[in-house]
Amino acid sequence: MKINYDPKLDFDDVLLSPHRSKTASRSSIELLRNFSFYHSDKKWEGIPIFAANMDTTGSIAMSEELFKYDMATCLHKHYDLDNLLQEFYYPNHQWWSMGIKYSEMEKLAKFVELSGIVPNLCIDVANGYTDDFVNFCNEIRERCLTQWSGESPIIMAGNVCTPEMVQELILHGGVDIVKIGIGPGSACTTRLKTGVGFPQLSAIIECSHAAHGLRNGDGRLGLVCADGGCRTPADVCKAFAAGADFVMLGGMLAGTYECEGDWQYEWLPDRSKMIRKSLKFYGMSSSEAQSKYGGVKDYRASEGRVKEVPYKGPVKDIILDVLGGLRSACAYMGAIKLKDMNKCAEFNLVNRTHFDQSV
Ligand code: 5GP
């Protein structure tokens, strides 16, 4: 048994310090980023925010809308092949999601064969700490290169929350972007069911440090995507400031017009028409999702919750709020572009991050 005594921090434990800055206006702050990758020779340019591949938020409608803002969507993995063949038209901004079943590998192989597209991949499991996971990620890269297309896709994979596993996935799993987050998700109950997890801000700080410390022969770095726990634009700012290269959002986007799923409707007061009231939003390993897609396995606890989220209107409103928050945070911190946020960041430990606005 071992106890670590150095404190581990969450988004709510810190605030960012403002610094003197030459930035004239918030509108001049550059949020676009250009990435090259440790393994893949592809480049990616955009605002590095992803919609999560949950079956509500990882929708085709979401990808079409986020594309307009140069942001990406990890499409959920429950679309059938025909659907994907018809709707997959922004390969840089629509990422392919999969778990580690061989049936999922076959589906991807078929897609590549029929479409000729080598999609960027999000390989996603609840627990990214197994050898099987590392081997599977490696095998996918090998197959893309040697059997399916001769091209090397950008591979994002996770989830993990500690530096040694970040390095393992990059060095031995052929992963370009490691997805960070065990337990912080808004629909996640892993911490309650298992006691396992890691405060997300510290996980991002420690894991990005480990990833950025790895350089391939051409000087291209390992990267991380902070996944889970962002509830406000401020949390997204803190995630980038902590070192995240990409940030993935589930709950923040849940309930927007572009989501798929079970909507509740209500009558307008004058009963002239029905409007959206709320969306059923659940974790992808909740018993809800497990029974929808393949049956609950009794050796495994359900580690997701189900909730009704109110209708939030078009996702555009949330996006503009997040992008405005990021520009403003950069201006306060003295960063002229998103890329510099981490360099300019100074976090302060606080007892509370904001006052209750209700009084
Ligand atoms: P959010 O932005 O809602 O806080 O977090 C989204 C992330 O939560 C997803 O991208 C995924 O990694 C994680 N997640 C989604 N469903 C579940 C679940 O059922 N259990 C757990 N442990 N994590 C989940």
# chains A, B, ... in the order shown; residues from 1 in each chain; ligands from 1

$ closest_atom_pairs --of "segment 203-313 of chain A" --to "segment 36-53 of chain A" --cutoff "10 Å" --atoms "only C-alpha atoms" --output "tab-separated table"
residue	atom	partner	partner_atom	distance
A:Ala211	CA	A:Tyr38	CA	9.8
A:Leu214	CA	A:Tyr38	CA	8.4
A:Arg215	CA	A:Tyr38	CA	7.0
A:Asn216	CA	A:Tyr38	CA	5.8
A:Gly217	CA	A:Tyr38	CA	8.9
A:Asp218	CA	A:Tyr38	CA	8.5
A:Gly219	CA	A:Tyr38	CA	8.2
A:Arg220	CA	A:Tyr38	CA	5.1
A:Leu221	CA	A:Tyr38	CA	5.4
A:Gly222	CA	A:Tyr38	CA	5.5
A:Leu223	CA	A:Phe37	CA	7.7
A:Cys225	CA	A:Pro48	CA	8.9
A:Ala226	CA	A:Ile49	CA	9.6
A:Asp227	CA	A:Ala52	CA	8.1
A:Gly228	CA	A:Ala52	CA	8.9
A:Val236	CA	A:Ile49	CA	9.1
A:Phe240	CA	A:Pro48	CA	9.6
A:Ala244	CA	A:Pro48	CA	9.4
A:Asp245	CA	A:Pro48	CA	6.9
A:Phe246	CA	A:Pro48	CA	4.8
A:Val247	CA	A:Ile49	CA	4.9
A:Met248	CA	A:Phe50	CA	4.6
A:Leu249	CA	A:Ala51	CA	5.1
A:Gly250	CA	A:Ala52	CA	5.0
A:Gly251	CA	A:Ala52	CA	8.7
A:Met252	CA	A:Ala51	CA	9.2
A:Leu253	CA	A:Ala51	CA	7.4
A:Ala254	CA	A:Ala51	CA	9.5
A:Met284	CA	A:Asn53	CA	9.1

$ select_by_dssp --residues "segment 240-275 of chain A" --states "strand (DSSP E or B)" --output "PDB file with C-alpha atoms, in the first residue's frame"
ATOM      1  CA  PHE A 246      -7.587  19.108 -26.959  1.00  0.00           C
ATOM      2  CA  VAL A 247     -10.673  19.253 -24.737  1.00  0.00           C
ATOM      3  CA  MET A 248     -13.687  16.939 -25.041  1.00  0.00           C
ATOM      4  CA  LEU A 249     -17.165  17.988 -23.919  1.00  0.00           C
ATOM      5  CA  THR A 256     -28.626  21.236 -27.261  1.00  0.00           C
ATOM      6  CA  TRP A 263     -36.535  14.159 -26.013  1.00  0.00           C
ATOM      7  CA  GLN A 264     -39.398  15.189 -23.744  1.00  0.00           C
ATOM      8  CA  TYR A 265     -41.742  17.808 -25.191  1.00  0.00           C
ATOM      9  CA  GLU A 266     -44.130  20.268 -23.542  1.00  0.00           C
ATOM     10  CA  TRP A 267     -46.928  22.493 -24.777  1.00  0.00           C
ATOM     11  CA  MET A 274     -45.122  21.500 -28.521  1.00  0.00           C
ATOM     12  CA  ILE A 275     -41.523  22.438 -27.864  1.00  0.00           C
TER      13      ILE A 275
END

$ closest_atom_pairs --of "segment 141-228 of chain A" --to "segment 338-355 of chain A" --cutoff "12 Å" --atoms "only C-alpha atoms" --output "JSON lines"
{"residue": "A:Leu201", "atom": "CA", "partner": "A:Phe347", "partner_atom": "CA", "distance": 10.5}
{"residue": "A:Ser202", "atom": "CA", "partner": "A:Phe347", "partner_atom": "CA", "distance": 11.4}
{"residue": "A:Ile204", "atom": "CA", "partner": "A:Asn342", "partner_atom": "CA", "distance": 11.1}
{"residue": "A:Ile205", "atom": "CA", "partner": "A:Asn342", "partner_atom": "CA", "distance": 9.5}
{"residue": "A:Ser208", "atom": "CA", "partner": "A:Asn342", "partner_atom": "CA", "distance": 10.2}
{"residue": "A:His209", "atom": "CA", "partner": "A:Asn342", "partner_atom": "CA", "distance": 10.7}
{"residue": "A:His212", "atom": "CA", "partner": "A:Asn342", "partner_atom": "CA", "distance": 11.8}

$ select_by_dssp --residues "segment 34-167 of chain A" --states "alpha helix (DSSP H)" --output "PyMOL selection string"
chain A and resi 60-67+81-87+102-115+131-143+163-167

$ closest_residue --among "A:Tyr129, A:Tyr332, A:Phe35, A:Phe281" --to "ligand 1" --atoms "only C-alpha atoms and all ligand atoms"
A:Phe281

$ residues_around --residues "Pro153 of chain A" --least-positions-apart "5" --cutoff "7 Å" --atoms "only C-alpha atoms" --output "list in words"
Ser40, Val118, Pro119, Asn120 and Leu121 of chain A

$ write_last_selection --atoms "C-alpha atoms" --output "PDB file, in the first residue's frame"
ATOM      1  CA  SER A  40       0.634   9.908 -37.913  1.00  0.00           C
ATOM      2  CA  VAL A 118      -8.814   6.705 -43.506  1.00  0.00           C
ATOM      3  CA  PRO A 119     -10.676   8.382 -40.659  1.00  0.00           C
ATOM      4  CA  ASN A 120      -9.056   9.799 -37.595  1.00  0.00           C
ATOM      5  CA  LEU A 121      -9.818   7.436 -34.758  1.00  0.00           C
TER       6      LEU A 121
END

$ residues_around --residues "Leu75 of chain A" --least-positions-apart "3" --cutoff "9 Å" --atoms "only C-alpha atoms" --output "VMD selection string"
chain A and resid 51 to 55 57 to 60 62 to 63 78 to 79 94 to 97

$ decode --residues "segment 318-343 of chain A" --atoms "N, CA and C atoms" --output "compact mmCIF listing (two decimals), in the first residue's frame"
# COMPACT_ATOMS: atom_id res chain seq x y z
N ILE A 318 -23.76 27.75 -26.89
CA ILE A 318 -22.76 27.23 -25.93
C ILE A 318 -21.36 27.45 -26.50
N ILE A 319 -21.23 27.17 -27.79
CA ILE A 319 -19.91 27.31 -28.44
C ILE A 319 -19.42 28.75 -28.34
N LEU A 320 -20.31 29.69 -28.65
CA LEU A 320 -19.88 31.09 -28.63
C LEU A 320 -19.49 31.51 -27.21
N ASP A 321 -20.21 30.96 -26.23
CA ASP A 321 -19.88 31.23 -24.83
C ASP A 321 -18.49 30.68 -24.48
N VAL A 322 -18.21 29.47 -24.93
CA VAL A 322 -16.91 28.84 -24.64
C VAL A 322 -15.79 29.61 -25.35
N LEU A 323 -16.01 29.94 -26.64
CA LEU A 323 -14.96 30.63 -27.39
C LEU A 323 -14.73 32.02 -26.83
N GLY A 324 -15.81 32.69 -26.42
CA GLY A 324 -15.67 34.01 -25.79
C GLY A 324 -14.89 33.91 -24.49
N GLY A 325 -15.20 32.88 -23.69
CA GLY A 325 -14.48 32.67 -22.43
C GLY A 325 -13.00 32.43 -22.67
N LEU A 326 -12.70 31.65 -23.70
CA LEU A 326 -11.30 31.34 -23.99
C LEU A 326 -10.54 32.60 -24.41
N ARG A 327 -11.16 33.39 -25.29
CA ARG A 327 -10.49 34.62 -25.75
C ARG A 327 -10.24 35.55 -24.57
N SER A 328 -11.26 35.66 -23.72
CA SER A 328 -11.15 36.57 -22.59
C SER A 328 -10.08 36.07 -21.60
N ALA A 329 -10.07 34.76 -21.36
CA ALA A 329 -9.05 34.20 -20.45
C ALA A 329 -7.65 34.46 -20.99
N CYS A 330 -7.48 34.26 -22.30
CA CYS A 330 -6.17 34.52 -22.91
C CYS A 330 -5.78 35.98 -22.69
N ALA A 331 -6.74 36.89 -22.90
CA ALA A 331 -6.44 38.32 -22.75
C ALA A 331 -6.04 38.63 -21.30
N TYR A 332 -6.77 38.09 -20.34
CA TYR A 332 -6.42 38.31 -18.93
C TYR A 332 -5.03 37.78 -18.60
N MET A 333 -4.73 36.59 -19.19
CA MET A 333 -3.48 35.91 -18.81
C MET A 333 -2.28 36.44 -19.57
N GLY A 334 -2.53 37.20 -20.63
CA GLY A 334 -1.41 37.71 -21.44
C GLY A 334 -0.99 36.73 -22.51
N ALA A 335 -1.90 35.85 -22.93
CA ALA A 335 -1.59 34.90 -24.01
C ALA A 335 -2.21 35.43 -25.30
N ILE A 336 -1.41 35.51 -26.37
CA ILE A 336 -2.01 36.04 -27.60
C ILE A 336 -2.64 34.94 -28.44
N LYS A 337 -2.37 33.70 -28.08
CA LYS A 337 -3.05 32.60 -28.77
C LYS A 337 -3.28 31.46 -27.79
N LEU A 338 -4.23 30.60 -28.19
CA LEU A 338 -4.58 29.45 -27.34
C LEU A 338 -3.33 28.63 -27.00
N LYS A 339 -2.46 28.49 -28.01
CA LYS A 339 -1.25 27.69 -27.84
C LYS A 339 -0.41 28.17 -26.65
N ASP A 340 -0.47 29.48 -26.35
CA ASP A 340 0.38 30.04 -25.28
C ASP A 340 -0.24 29.96 -23.89
N MET A 341 -1.48 29.50 -23.83
CA MET A 341 -2.18 29.53 -22.53
C MET A 341 -1.42 28.79 -21.44
N ASN A 342 -0.91 27.62 -21.80
CA ASN A 342 -0.21 26.81 -20.82
C ASN A 342 1.05 27.52 -20.30
N LYS A 343 1.78 28.15 -21.23
CA LYS A 343 3.00 28.87 -20.83
C LYS A 343 2.68 30.03 -19.90
